[in-house]
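Enquirer: One structure is given below, represented as structure tokens, and several questions about it will come after.
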Amino acid sequence: MIYLDHAATSPVRREALEAMWPYLTGDFGNPSSHHGLGESAARGLADARAAVARILGTRAAGVVFTGSGTEADNLAVKGIALGAPRGRHLVTTPLEHEAVLASAEYLRRVHGFTVDHLTPDSDGLVSPGELARLVRPDTTLVSVQYANNEIGTIQPIAELAAVAREHRVPFHTDAVQAAGWLPLDVEGLGVDALSLSGHKVGAPKGVGVLWARGRLALEPVVHGGGQERGRRSGTENVAGAVALATALTAAEAERPGVAERLAGLRDRFIERVTAAVPSARVTGHRRRRLPGTASFVFAGTHGEAVLLELERRGVVCSSGSACAAGSDEPSHVLTALGLPAGLARTAVRFTFGPGSTEEEAELAAAAVRDAVEAVRGLRAAG
């Protein structure tokens with residue numbers, strides 16, 4: 001099997017499994033308990049928090065462990081907007097993960113917020129100039145994804161955050177897809193809050209992180225025992241936090257070499273696919289793109305049918321966000337770029353990981369050609 005769906009989830013790293021194992025066995029205590037087992041778990045949690053903070057170039061106190069990247073996005077958008085609102089106005093983009101879009105819609109529907117969306121160009125980039133025009137005295141949050149989960153386009157986060165900072169508006173970025181591929185230094189980016197997910201970098205599913213600058217008030221989304229300094233209640237997933245910190249540290253150490261290698265592999269894969277399927281159209285920005293992401297639309301096909309043909313040929317990938325798998329609705333990302341709904345339904349996304357090889361990319365490109373031909377043949381016959 002050739003696995004090209006790393007944006008959906010990544011294999012668990014061995015070092016992450018080994019690091020978390022003690023907290024599933026001998027050191028299984030509740031980190032809030034005041035006895036030896038609890039204190040051991042609390043030390044593991046504190047070490048994990050400090051390790052994540054080192055990657056982000058910030059203080060450990062701002063790191064909040066959550067149950068997922070989705071929860072981290074919810075806590076960022078709802079928590080900042082409701083924690084110390086300057087008003088009831090948000091700015092985001094139509095390209096965001098559903099976690100951000102649904103949170104913004106919740107604030108609009110339940111709390112009376114107004115939501116403005118930056119307009120992406122045909123490559124998925126948004127403009128700092130437009131953000132400057134949209135920000136108002138009552139804007140309470142700007143949230144823009146660092147890199148898109150479907151098309152891989154990388155936003156000019158530092159420039160966008162600078163606009164928000166000039167207007168003294170908190171700026172959040174969903175960095176779930178960027179982790180392991182792009183710098184995460186929060187001071188260099190200039191952001192006030194940043195979301196991560198463990199299973200995108202080689203930790204098990206079920207753990208995420210929200211970093212929030214200390215001056216930001218966060219209204220909790222999950223209430224209860226007041227864990228995580230009152231920002232996210234619930235007994236902490238110590239083993240998951242340790243695994244996330246370990247996997248993120250390993251990914252960051254490998255990042256420069258792996259990102260450069262996969263960017264070259266990705267570009268050669270795109271060249272092979274567009275040569276083998278001349279009608280294939282690359283989606284997203286050709287240069288400002290995640291190193292491992294190659295996404296296409298194939299006119300005259302259906303994305304789900306192409307996926308089935310590819311899996312028959314040993315290639316596993318996706319038609320876009322894993323969260324929308326099985327839906328016949330066209331991708332909200334692609335329609336926001338101006339693609340017709342019918343063409344958007346032909347989308348296929350290939351995402352490479354650290355273990356991906358040149359041979360796999362070459363075999364996958366040949367499989368794409370055969371899969372597209374097979375689907376077009378079936379549609380013509382039908």
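In the structure tokens, each chain is lettered A, B, ... as it comes, each chain's residues begin at 1, and ligands are numbered from 1 in order of appearance.
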I want to know what sits within 12 Å of Arg312 of chain A, based on only C-alpha atoms, with residues of the same chain fewer than 2 positions away left out; could you give that as number ranges by chain?
Expert: A: 1-2, 305-310, 314-317, 364, 367-368, 370-371, 374
Enquirer: Could you write out that same residue set with N, CA and C atoms as a PDB file, in the first residue's frame?
Expert:
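Wrote it out as out.pdb, contents follow:
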ATOM      1  N   MET A   1       0.842  -1.199   0.000  1.00  0.00           N
ATOM      2  CA  MET A   1       0.000   0.000   0.000  1.00  0.00           C
ATOM      3  C   MET A   1       0.880   1.253   0.000  1.00  0.00           C
ATOM      4  N   ILE A   2       0.526   2.212  -0.841  1.00  0.00           N
ATOM      5  CA  ILE A   2       1.200   3.511  -0.848  1.00  0.00           C
ATOM      6  C   ILE A   2       0.276   4.501  -0.140  1.00  0.00           C
ATOM      7  N   ALA A 305     -14.997   8.292  -7.037  1.00  0.00           N
ATOM      8  CA  ALA A 305     -14.766   7.168  -7.950  1.00  0.00           C
ATOM      9  C   ALA A 305     -13.282   7.008  -8.240  1.00  0.00           C
ATOM     10  N   VAL A 306     -12.571   8.126  -8.410  1.00  0.00           N
ATOM     11  CA  VAL A 306     -11.120   8.058  -8.627  1.00  0.00           C
ATOM     12  C   VAL A 306     -10.434   7.466  -7.399  1.00  0.00           C
ATOM     13  N   LEU A 307     -10.888   7.848  -6.206  1.00  0.00           N
ATOM     14  CA  LEU A 307     -10.304   7.290  -4.979  1.00  0.00           C
ATOM     15  C   LEU A 307     -10.447   5.772  -4.932  1.00  0.00           C
ATOM     16  N   LEU A 308     -11.626   5.276  -5.287  1.00  0.00           N
ATOM     17  CA  LEU A 308     -11.841   3.826  -5.274  1.00  0.00           C
ATOM     18  C   LEU A 308     -10.917   3.130  -6.272  1.00  0.00           C
ATOM     19  N   GLU A 309     -10.760   3.711  -7.461  1.00  0.00           N
ATOM     20  CA  GLU A 309      -9.870   3.122  -8.458  1.00  0.00           C
ATOM     21  C   GLU A 309      -8.417   3.173  -7.992  1.00  0.00           C
ATOM     22  N   LEU A 310      -8.040   4.234  -7.334  1.00  0.00           N
ATOM     23  CA  LEU A 310      -6.675   4.322  -6.817  1.00  0.00           C
ATOM     24  C   LEU A 310      -6.436   3.293  -5.724  1.00  0.00           C
ATOM     25  N   GLY A 314      -3.692   0.170  -5.064  1.00  0.00           N
ATOM     26  CA  GLY A 314      -2.755   0.214  -3.940  1.00  0.00           C
ATOM     27  C   GLY A 314      -2.354   1.589  -3.477  1.00  0.00           C
ATOM     28  N   VAL A 315      -3.083   2.635  -3.896  1.00  0.00           N
ATOM     29  CA  VAL A 315      -2.752   4.005  -3.493  1.00  0.00           C
ATOM     30  C   VAL A 315      -3.895   4.547  -2.635  1.00  0.00           C
ATOM     31  N   VAL A 316      -3.572   4.993  -1.447  1.00  0.00           N
ATOM     32  CA  VAL A 316      -4.568   5.524  -0.516  1.00  0.00           C
ATOM     33  C   VAL A 316      -4.374   7.030  -0.419  1.00  0.00           C
ATOM     34  N   CYS A 317      -5.434   7.788  -0.713  1.00  0.00           N
ATOM     35  CA  CYS A 317      -5.398   9.246  -0.616  1.00  0.00           C
ATOM     36  C   CYS A 317      -6.803   9.713  -0.258  1.00  0.00           C
ATOM     37  N   ALA A 364       2.550   6.020  -7.845  1.00  0.00           N
ATOM     38  CA  ALA A 364       1.261   6.677  -7.610  1.00  0.00           C
ATOM     39  C   ALA A 364       0.839   7.498  -8.820  1.00  0.00           C
ATOM     40  N   ALA A 367      -0.575   5.263 -11.310  1.00  0.00           N
ATOM     41  CA  ALA A 367      -1.897   4.805 -10.863  1.00  0.00           C
ATOM     42  C   ALA A 367      -2.951   5.883 -11.080  1.00  0.00           C
ATOM     43  N   VAL A 368      -2.582   7.142 -10.912  1.00  0.00           N
ATOM     44  CA  VAL A 368      -3.521   8.232 -11.159  1.00  0.00           C
ATOM     45  C   VAL A 368      -3.971   8.215 -12.612  1.00  0.00           C
ATOM     46  N   ASP A 370      -4.075   5.725 -14.694  1.00  0.00           N
ATOM     47  CA  ASP A 370      -4.950   4.579 -14.953  1.00  0.00           C
ATOM     48  C   ASP A 370      -6.311   4.746 -14.291  1.00  0.00           C
ATOM     49  N   ALA A 371      -6.323   5.306 -13.077  1.00  0.00           N
ATOM     50  CA  ALA A 371      -7.589   5.474 -12.360  1.00  0.00           C
ATOM     51  C   ALA A 371      -8.488   6.486 -13.057  1.00  0.00           C
ATOM     52  N   ALA A 374      -9.899   4.946 -16.153  1.00  0.00           N
ATOM     53  CA  ALA A 374     -10.936   3.968 -15.837  1.00  0.00           C
ATOM     54  C   ALA A 374     -12.254   4.659 -15.493  1.00  0.00           C
TER      55      ALA A 374
END
Enquirer: Give me every alpha helix (DSSP H) residue in segment 55-214 of chain A, going by DSSP on the backbone, as a ChimeraX atom specification.
Expert: /A:55-56,69-83,98-111,128-134,157-166,186-189
Enquirer: Go ahead and save the residues from that selection, with C-alpha atoms, as a compact mmCIF listing (two decimals), in the first residue's frame.
Expert:
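For reference, result-v5.txt as written:
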# COMPACT_ATOMS: atom_id res chain seq x y z
CA ILE A 55 8.97 24.43 19.82
CA LEU A 56 6.67 27.49 19.85
CA GLY A 69 -7.19 20.23 16.97
CA THR A 70 -10.92 20.78 16.51
CA GLU A 71 -11.37 21.45 20.21
CA ALA A 72 -8.33 23.76 20.17
CA ASP A 73 -9.91 25.77 17.33
CA ASN A 74 -13.23 25.92 19.18
CA LEU A 75 -11.54 27.14 22.34
CA ALA A 76 -9.58 29.75 20.40
CA VAL A 77 -12.50 31.20 18.43
CA LYS A 78 -15.22 30.97 21.06
CA GLY A 79 -12.92 31.45 24.03
CA ILE A 80 -11.23 34.62 22.76
CA ALA A 81 -14.41 36.10 21.30
CA LEU A 82 -16.36 35.60 24.51
CA GLY A 83 -13.52 36.01 27.00
CA GLU A 98 -14.92 23.41 9.68
CA ALA A 99 -13.91 23.78 13.33
CA VAL A 100 -13.27 27.49 12.82
CA LEU A 101 -16.15 28.11 10.41
CA ALA A 102 -18.68 26.31 12.63
CA SER A 103 -17.42 28.15 15.73
CA ALA A 104 -17.81 31.49 13.95
CA GLU A 105 -21.30 30.49 12.82
CA TYR A 106 -22.19 29.52 16.40
CA LEU A 107 -21.10 32.97 17.60
CA ARG A 108 -23.18 34.60 14.86
CA ARG A 109 -26.26 32.49 15.52
CA VAL A 110 -26.24 32.36 19.32
CA HIS A 111 -24.36 35.48 20.41
CA PRO A 128 -3.32 41.76 4.36
CA GLY A 129 -4.65 44.86 2.59
CA GLU A 130 -8.17 43.50 2.60
CA LEU A 131 -7.83 42.57 6.27
CA ALA A 132 -6.87 46.17 7.05
CA ARG A 133 -10.06 47.30 5.32
CA LEU A 134 -12.27 44.79 7.15
CA ILE A 157 0.49 34.82 8.50
CA ALA A 158 3.16 37.23 9.79
CA GLU A 159 1.85 40.01 7.51
CA LEU A 160 -1.77 39.32 8.42
CA ALA A 161 -0.96 39.19 12.13
CA ALA A 162 0.89 42.50 11.85
CA VAL A 163 -2.28 44.14 10.53
CA ALA A 164 -4.29 42.73 13.44
CA ARG A 165 -1.63 43.83 15.92
CA GLU A 166 -1.65 47.37 14.51
CA VAL A 186 4.82 32.37 17.70
CA GLU A 187 6.87 35.53 18.14
CA GLY A 188 8.18 35.32 14.58
CA LEU A 189 4.65 34.76 13.33
Enquirer: Identify, on the basis of only C-alpha atoms, every residue whose closest approach to Val12 of chain A does not exceed 6 Å; exclude the query and any residue fewer than 5 positions from it along the same chain; express the result as a ChimeraX atom specification.
Expert: /A:202-204
Enquirer: For His97 of chain A, which residue out of A:Thr249, A:Thr346, A:Thr25, A:Thr173 is the nearest one, using only C-alpha atoms?
Expert: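 Of A:Thr249, A:Thr346, A:Thr25, A:Thr173, the one nearest His97 of chain A, counting only C-alpha atoms, is A:Thr173.
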Enquirer: Give me the residues within 10 Å of Ser318 of chain A as a PyMOL selection string, counting only C-alpha atoms and dropping any in the same chain fewer than 2 places off.
Expert: chain A and resi 4-8+150+295+303-304+306-308+310+315-316+320-322+325+347-351
Enquirer: Could I get the residues of segment 132-231 of chain A with an atom no further than 9 Å from an atom of segment 274-283 of chain A, each paired with its nearest atom pair and that distance in Å to one decimal, using only C-alpha atoms, sorted by chain and residue number, as CSV?
Expert:
residue,atom,partner,partner_atom,distance
A:Glu150,CA,A:Thr283,CA,8.9
A:Ile151,CA,A:Thr283,CA,5.9
A:Gly152,CA,A:Thr283,CA,8.7
A:Thr153,CA,A:Thr283,CA,8.9
Enquirer: How far is it from atom CA of Ser10 of chain A to atom CA of Lys200 of chain A, in Å with one decimal?
Expert: 5.4 Å
Enquirer: Calculated over only C-alpha atoms, which of the candidates A:Pro156, A:Gly198, A:Gly44, A:Gly180 has the smallest distance to Gly124 of chain A?
Expert: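 That would be A:Pro156, the residue with the smallest distance to Gly124 of chain A.
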Enquirer: Nearest to Ser68 of chain A among A:Gly38, A:Gly240, A:Gly214, A:Pro137, with distances taken over only C-alpha atoms: which residue is it?
Expert: A:Gly240
